[in-house]
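Have a look at the structure below, then the notes.
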Amino acid sequence: MFSRILTSALFAGAAAGVLIALLQFLFVQPVLLHAELYESGELVHFGGEAVSAHPDLPGFFAEPVRDGLSIVFTMLTYTGYALVMVALMSMAEGMGHAVTARTGILWGLAGFVTFHLAPGFTLAPEVPGVAAADVVSRQIWWTATVAAAGVAMWLIAFGGNLVSYAIAAALLLIPHLVGAPEPDSFSGPVPTEIGALFAARAFGVGLAAWTLLGCFAGYFWQGEAKQAEA
């Protein structure tokens, strides 16, 4: 069983990680590079003259080391997520639920809600150079919110009764009623339009990433089961 979990997660994480890295290069990295120009002071937003919204940015793989490491780290990150997902899939299968590439998409959507949408609803994705609260406080709140959302997703999927659904709703709601840590004051050189675009792109790529990961995880998990039976 452990070998099946490990193999499925490695294949799913590697396959999804490469595609996710490409999506990040296409849609997320240009926004980050644009924000870094304001963070460094190369561009200034609050001035007398209008600033172009389309500066010259480094092209794809203009910095091979940075971009290569980004691909490696993305693959490692989503392989870690895949290990958690496939382990939970094995538990669900033991409870009598089928796990396939199609049902894996639902697992991916649940992962997106857990790791992106639930914490991002109050603690939005941030570009470099914006005001932010203490990083430790944010990490604690993020971890607690992800844990609560993960339990809520499991209860919604497998609880099967009104009590489970009520607990899930409470778990999803409570972190946002408490509220994420906020900075004492708002400041920063980055235009709000860039921050808004980054948040939108981060959520969009995150949704695609988790959908791909869930689909691949379900596919390889099912494939490993067929191979074991053969």
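By order in the structure tokens, chains are A, B, ...; within a chain, residues start at 1; ligands start at 1, following the order shown.
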Compile the contact shell of region 136-141 of chain A as an MDAnalysis selection string: residues with an atom at most 10 Å away, counting only C-alpha atoms, same-chain residues fewer than 3 positions apart removed. chainID A and resid 119 123 132:133 144:147 175:176 178:182
DSSP alpha helix (DSSP H) residues within region 129-198 of chain A, as a PyMOL selection string: chain A and resi 135-158+162-178+192-198
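Distances to Leu117 (chain A) were evaluated for A:Ala217, A:Val18, A:Ala202, A:Leu26 using only C-alpha atoms, and the minimum falls at A:Ala202.
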Using only C-alpha atoms, the residue out of A:Tyr81, A:Trp154, A:Phe198, A:Phe25 with shortest distance to Glu63 (chain A) is A:Phe25
Counting only C-alpha atoms, the option among A:Pro128, A:Pro58, A:Leu88, A:Gly223 closest to Ala110 (chain A): A:Leu88
What is the CA of Thr103 (chain A) to CA of Ala21 (chain A) distance in Å?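 Spanning CA of Thr103 (chain A) to CA of Ala21 (chain A) is a straight-line distance of 23.8 Å.
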